[in-house]
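Working notes, beginning with the structure itself.
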Amino acid sequence: MDDTVIQTDGLTKRYGRVLAVDGLSLNVPRGRIFGLLGPNGSGKTTLMSMLLGLVRPTDGSFTLFGQPSEKGGLDRQLHRIGALIETPSFYPYMSGRNNLAYFQGISGQGDPAELDLLLEQVGLGGRGGDKFQTYSLGMKQRLGLAYTLLGDPELLVLDEPTNGMDPAGMAEVRELIRGLGGENRTVILSSHLLNEVEQVCDSVAILSHGRLIAQGDVAELLQERGQPQVRLRTTDDRKAWEILNALAWVESVSADNGYLVAGVPPDRSWEITAALSRNEVYVSEMTPAQMSLEQYFLDVTEGEVI
Ligand code: ATP
């Protein structure tokens, strides 16, 4: 079985003078939760829309499940994809379950048992009979996910699925998405939220102004680029900063959310403790730390704001 679900080659979309997607060559591996990360306007929706045949590329090509997209190739593969681009459209006066039944009917596969399983899977088991218009935003979005899962597709394409949600709703939807990826299902998730991609995705492509800046396994990217770090709290962080800054073997010292972050390999932690205590500063907490996706993003985009 082919291990690449999508491969794009120089994929480009121009809207008049706007180059929305600029010569993108990327690989989406099978069975991964693949994040498309980029600021607003970086081309994520345009890219997804091209992959779904909603927008025609200006240049370049792509394959889907190993098949070229041209000459009707894409149409033959679309039944293997579930997609949620922007806010899902459902009938407000119909129940969640009837909305799903309606779309199931359109797809021509009508097993009612599937609807109950899907409602259960997205946490709407008890509310499937309620009208869509009575749902919270989180419930609407979860019904949208149930819709994408109709027919058990191999690929899910989700565009900013937590957009506009409160933190609790976001956490629920993220948890749900994490459970949707697997050996037989690939998920492409676009987001401009760094922590969302870090929490949910295992592979990522970073877009900026329509260009691909980096792609790969999230953990590997962070490891390759990130120097080893430790996070610590002390009895006197200001003094600790000065002491650590003066040590030649400490690569960097910064502050992050009430912690000091020192660029040293974790196996030298004891030397930090020793150096600080010689100066009567004592460590209250110390853990090895990895570069965050946010630091990585700032690094590769040279300070672009997301
Ligand atoms: P967002 O997160 O805000 O949706 P995005 O990363 O998905 O952003 P796109 O929506 O793909 O980015 O937009 C990329 C660029 O293409 C933007 O400059 C946008 O204004 C432009 N664009 C997108 N769709 C069209 C269109 N139909 N006509 C003209 N320009 C467009």
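Numbering starts fresh at 1 for the residues of each chain in the structure tokens, the chains themselves are lettered A, B, ... in the order given, and ligands are numbered from 1 as they appear.
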
Got a sec: who's within 7 Å of range 240-255 of chain A, counting only C-alpha atoms, leaving out chain neighbours fewer than 4 positions off, as JSON, numbers by chain? {"A": [236, 259, 260, 261, 262, 263, 264, 276, 281]}

Show which residues sit within 12 Å of Ala219 in chain A, as a list in words. Count only C-alpha atoms, and ignore same-chain residues fewer than 4 positions away.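 Those residues are Val197, Glu198, Gln199, Cys201, Asp202, Ser203, Val204, Gln215, Gln223, Glu224, Arg225, Gly226, Gln290, Met291, Ser292, Leu293 and Tyr296 of chain A.
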
Show me which residues are within 8 Å of ligand 1 counting only C-alpha atoms and all ligand atoms, and format the list as a PyMOL selection string. chain A and resi 14-16+18-21+38-47+159-160+190-192+207+209-210

Option closest in space to Asp75 in chain A, from A:Phe62, A:Ser136, A:Pro92, A:Leu52 [counting only C-alpha atoms]: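 The answer is A:Leu52, which sits nearest to Asp75 in chain A.
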
Can you build me a table of range 72-106 of chain A residues sitting at most 6 Å from range 149-155 of chain A, with the closest atom pair per residue and its distance in Å to one decimal, using only C-alpha atoms, sorted by chain and residue number, as CSV?
```
residue,atom,partner,partner_atom,distance
A:Arg80,CA,A:Pro153,CA,4.8
A:Ile81,CA,A:Leu155,CA,4.8
A:Gly82,CA,A:Pro153,CA,5.8
```

Name all residues at most 9 Å from Tyr91 in chain A (count only C-alpha atoms; drop same-chain ones fewer than 5 positions away) and give them as a ChimeraX atom specification. /A:96,99,131-133

Near Val283 in chain A, within 8 Å and counting only C-alpha atoms, which residues show up once chain neighbours fewer than 2 positions away are dropped, as a compact mmCIF listing (two decimals) with all heavy atoms, in the first residue's frame?
```txt
# COMPACT_ATOMS: atom_id res chain seq x y z
N LEU A 232 13.41 26.24 34.68
CA LEU A 232 13.59 26.21 36.13
C LEU A 232 12.96 27.41 36.83
O LEU A 232 12.69 28.45 36.20
CB LEU A 232 15.06 26.10 36.50
CG LEU A 232 16.02 27.26 36.19
CD1 LEU A 232 17.20 27.21 37.14
CD2 LEU A 232 16.53 27.16 34.76
N ARG A 233 12.69 27.19 38.11
CA ARG A 233 12.25 28.26 39.00
C ARG A 233 13.22 28.26 40.16
O ARG A 233 13.69 27.20 40.58
CB ARG A 233 10.86 27.97 39.55
CG ARG A 233 9.76 28.45 38.64
CD ARG A 233 8.44 28.45 39.39
NE ARG A 233 7.45 29.16 38.61
CZ ARG A 233 6.27 28.69 38.27
NH1 ARG A 233 5.90 27.49 38.68
NH2 ARG A 233 5.43 29.41 37.57
N THR A 234 13.51 29.45 40.68
CA THR A 234 14.49 29.53 41.77
C THR A 234 13.98 30.46 42.86
O THR A 234 12.93 31.10 42.69
CB THR A 234 15.83 30.10 41.25
OG1 THR A 234 15.60 31.48 40.92
CG2 THR A 234 16.35 29.37 40.05
N THR A 235 14.77 30.57 43.92
CA THR A 235 14.38 31.48 45.01
C THR A 235 14.59 32.94 44.59
O THR A 235 14.05 33.85 45.23
CB THR A 235 15.21 31.17 46.28
OG1 THR A 235 16.60 31.10 45.89
CG2 THR A 235 14.78 29.87 46.93
N THR A 273 22.45 23.75 39.20
CA THR A 273 22.10 23.76 40.63
C THR A 273 23.31 24.17 41.46
O THR A 273 23.22 25.02 42.35
CB THR A 273 21.66 22.34 41.07
OG1 THR A 273 20.88 21.79 40.03
CG2 THR A 273 20.88 22.36 42.34
N LEU A 276 24.27 27.93 40.99
CA LEU A 276 23.32 28.84 41.64
C LEU A 276 23.48 28.78 43.16
O LEU A 276 23.50 29.82 43.83
CB LEU A 276 21.88 28.51 41.23
CG LEU A 276 21.52 28.78 39.76
CD1 LEU A 276 20.09 28.33 39.47
CD2 LEU A 276 21.67 30.25 39.40
N SER A 277 23.60 27.58 43.69
CA SER A 277 23.66 27.48 45.15
C SER A 277 24.95 28.08 45.71
O SER A 277 24.96 28.60 46.82
CB SER A 277 23.46 26.03 45.62
OG SER A 277 24.49 25.23 45.13
N VAL A 281 21.48 31.07 45.58
CA VAL A 281 20.18 31.01 44.90
C VAL A 281 19.86 29.52 44.80
O VAL A 281 20.72 28.72 44.42
CB VAL A 281 20.26 31.63 43.48
CG1 VAL A 281 18.92 31.47 42.76
CG2 VAL A 281 20.64 33.10 43.56
N GLU A 285 12.42 24.16 41.23
CA GLU A 285 11.81 23.31 40.22
C GLU A 285 12.71 23.31 38.98
O GLU A 285 13.21 24.37 38.59
CB GLU A 285 10.47 23.97 39.84
CG GLU A 285 9.39 23.03 39.39
CD GLU A 285 8.13 23.81 39.01
OE1 GLU A 285 7.72 24.69 39.79
OE2 GLU A 285 7.60 23.54 37.94
N MET A 286 12.92 22.14 38.39
CA MET A 286 13.72 22.11 37.15
C MET A 286 13.31 20.90 36.30
O MET A 286 13.25 19.78 36.79
CB MET A 286 15.21 22.04 37.47
CG MET A 286 16.08 22.03 36.23
SD MET A 286 17.67 22.87 36.43
CE MET A 286 18.46 21.88 37.65
```

When DSSP is applied to the backbone of this structure, which of range 9-149 of chain A are assigned strand (DSSP E)? Write them out as an MDAnalysis selection string. chainID A and resid 9:15 18:24 27:29 33:37 59:64 67:68 81:84

Test item: residues at most 12 Å from range 118-120 of chain A, only C-alpha atoms, excluding those fewer than 6 positions along its chain, as a PDB file with N, CA and C atoms, in the first residue's frame:
```pdb
ATOM      1  N   SER A  95     -33.382  17.852  13.148  1.00  0.00           N
ATOM      2  CA  SER A  95     -32.520  17.360  14.230  1.00  0.00           C
ATOM      3  C   SER A  95     -31.126  17.053  13.668  1.00  0.00           C
ATOM      4  N   GLY A  96     -30.157  16.937  14.584  1.00  0.00           N
ATOM      5  CA  GLY A  96     -28.802  16.569  14.169  1.00  0.00           C
ATOM      6  C   GLY A  96     -28.817  15.251  13.417  1.00  0.00           C
ATOM      7  N   ARG A  97     -29.585  14.293  13.951  1.00  0.00           N
ATOM      8  CA  ARG A  97     -29.615  12.961  13.334  1.00  0.00           C
ATOM      9  C   ARG A  97     -30.232  13.020  11.937  1.00  0.00           C
ATOM     10  N   ASN A  98     -31.333  13.795  11.804  1.00  0.00           N
ATOM     11  CA  ASN A  98     -31.976  13.881  10.486  1.00  0.00           C
ATOM     12  C   ASN A  98     -31.099  14.611   9.472  1.00  0.00           C
ATOM     13  N   ASN A  99     -30.344  15.586   9.953  1.00  0.00           N
ATOM     14  CA  ASN A  99     -29.391  16.239   9.052  1.00  0.00           C
ATOM     15  C   ASN A  99     -28.395  15.222   8.512  1.00  0.00           C
ATOM     16  N   LEU A 100     -27.861  14.410   9.432  1.00  0.00           N
ATOM     17  CA  LEU A 100     -26.897  13.384   8.998  1.00  0.00           C
ATOM     18  C   LEU A 100     -27.563  12.404   8.032  1.00  0.00           C
ATOM     19  N   ALA A 101     -28.823  12.017   8.355  1.00  0.00           N
ATOM     20  CA  ALA A 101     -29.546  11.056   7.507  1.00  0.00           C
ATOM     21  C   ALA A 101     -29.727  11.637   6.108  1.00  0.00           C
ATOM     22  N   GLN A 104     -26.470  11.400   4.354  1.00  0.00           N
ATOM     23  CA  GLN A 104     -26.207   9.981   4.078  1.00  0.00           C
ATOM     24  C   GLN A 104     -27.018   9.543   2.864  1.00  0.00           C
ATOM     25  N   ASP A 111     -27.276   3.260   5.892  1.00  0.00           N
ATOM     26  CA  ASP A 111     -27.425   2.372   7.044  1.00  0.00           C
ATOM     27  C   ASP A 111     -27.712   3.226   8.290  1.00  0.00           C
ATOM     28  N   PRO A 112     -28.966   3.178   8.817  1.00  0.00           N
ATOM     29  CA  PRO A 112     -29.311   4.025   9.968  1.00  0.00           C
ATOM     30  C   PRO A 112     -28.422   3.751  11.183  1.00  0.00           C
ATOM     31  N   GLY A 126     -26.825  11.568  23.146  1.00  0.00           N
ATOM     32  CA  GLY A 126     -28.090  11.897  23.802  1.00  0.00           C
ATOM     33  C   GLY A 126     -28.824  13.060  23.142  1.00  0.00           C
ATOM     34  N   ARG A 127     -28.179  13.750  22.197  1.00  0.00           N
ATOM     35  CA  ARG A 127     -28.778  14.982  21.661  1.00  0.00           C
ATOM     36  C   ARG A 127     -29.092  14.906  20.165  1.00  0.00           C
ATOM     37  N   GLY A 128     -28.937  13.728  19.594  1.00  0.00           N
ATOM     38  CA  GLY A 128     -29.145  13.562  18.148  1.00  0.00           C
ATOM     39  C   GLY A 128     -30.538  13.940  17.686  1.00  0.00           C
ATOM     40  N   GLY A 129     -31.547  13.819  18.599  1.00  0.00           N
ATOM     41  CA  GLY A 129     -32.930  14.111  18.215  1.00  0.00           C
ATOM     42  C   GLY A 129     -33.277  15.585  18.335  1.00  0.00           C
ATOM     43  N   ASP A 130     -32.380  16.391  18.918  1.00  0.00           N
ATOM     44  CA  ASP A 130     -32.676  17.827  19.095  1.00  0.00           C
ATOM     45  C   ASP A 130     -32.411  18.590  17.809  1.00  0.00           C
ATOM     46  N   MET A 139     -21.231  21.780  19.674  1.00  0.00           N
ATOM     47  CA  MET A 139     -22.048  20.650  19.211  1.00  0.00           C
ATOM     48  C   MET A 139     -22.219  20.710  17.690  1.00  0.00           C
ATOM     49  N   LYS A 140     -22.395  21.927  17.161  1.00  0.00           N
ATOM     50  CA  LYS A 140     -22.523  22.066  15.698  1.00  0.00           C
ATOM     51  C   LYS A 140     -21.268  21.552  15.007  1.00  0.00           C
ATOM     52  N   ARG A 142     -19.153  19.429  16.216  1.00  0.00           N
ATOM     53  CA  ARG A 142     -19.033  17.975  16.373  1.00  0.00           C
ATOM     54  C   ARG A 142     -19.965  17.245  15.408  1.00  0.00           C
ATOM     55  N   LEU A 143     -21.132  17.846  15.153  1.00  0.00           N
ATOM     56  CA  LEU A 143     -22.021  17.248  14.141  1.00  0.00           C
ATOM     57  C   LEU A 143     -21.343  17.328  12.764  1.00  0.00           C
ATOM     58  N   GLY A 144     -20.635  18.447  12.546  1.00  0.00           N
ATOM     59  CA  GLY A 144     -19.873  18.591  11.296  1.00  0.00           C
ATOM     60  C   GLY A 144     -18.849  17.470  11.163  1.00  0.00           C
ATOM     61  N   LEU A 145     -18.204  17.117  12.272  1.00  0.00           N
ATOM     62  CA  LEU A 145     -17.219  16.021  12.219  1.00  0.00           C
ATOM     63  C   LEU A 145     -17.921  14.697  11.929  1.00  0.00           C
ATOM     64  N   ALA A 146     -19.096  14.495  12.534  1.00  0.00           N
ATOM     65  CA  ALA A 146     -19.857  13.260  12.257  1.00  0.00           C
ATOM     66  C   ALA A 146     -20.192  13.196  10.765  1.00  0.00           C
ATOM     67  N   TYR A 147     -20.529  14.354  10.199  1.00  0.00           N
ATOM     68  CA  TYR A 147     -20.847  14.415   8.762  1.00  0.00           C
ATOM     69  C   TYR A 147     -19.634  13.986   7.919  1.00  0.00           C
ATOM     70  N   THR A 148     -18.450  14.472   8.313  1.00  0.00           N
ATOM     71  CA  THR A 148     -17.254  14.104   7.527  1.00  0.00           C
ATOM     72  C   THR A 148     -16.972  12.597   7.620  1.00  0.00           C
ATOM     73  N   LEU A 149     -17.448  11.977   8.708  1.00  0.00           N
ATOM     74  CA  LEU A 149     -17.142  10.553   8.918  1.00  0.00           C
ATOM     75  C   LEU A 149     -18.129   9.609   8.230  1.00  0.00           C
ATOM     76  N   LEU A 150     -19.197  10.177   7.637  1.00  0.00           N
ATOM     77  CA  LEU A 150     -20.171   9.330   6.930  1.00  0.00           C
ATOM     78  C   LEU A 150     -19.458   8.512   5.857  1.00  0.00           C
ATOM     79  N   GLY A 151     -19.707   7.233   5.841  1.00  0.00           N
ATOM     80  CA  GLY A 151     -19.094   6.370   4.820  1.00  0.00           C
ATOM     81  C   GLY A 151     -17.672   5.959   5.173  1.00  0.00           C
ATOM     82  N   ASP A 152     -17.234   6.294   6.396  1.00  0.00           N
ATOM     83  CA  ASP A 152     -15.917   5.884   6.893  1.00  0.00           C
ATOM     84  C   ASP A 152     -14.770   6.223   5.927  1.00  0.00           C
ATOM     85  N   LEU A 176     -11.360  14.909  20.167  1.00  0.00           N
ATOM     86  CA  LEU A 176     -12.089  14.084  19.206  1.00  0.00           C
ATOM     87  C   LEU A 176     -11.241  13.844  17.946  1.00  0.00           C
ATOM     88  N   LEU A 180      -9.406  10.463  15.753  1.00  0.00           N
ATOM     89  CA  LEU A 180      -9.897  10.102  14.416  1.00  0.00           C
ATOM     90  C   LEU A 180      -8.798   9.606  13.479  1.00  0.00           C
TER      91      LEU A 180
END
```
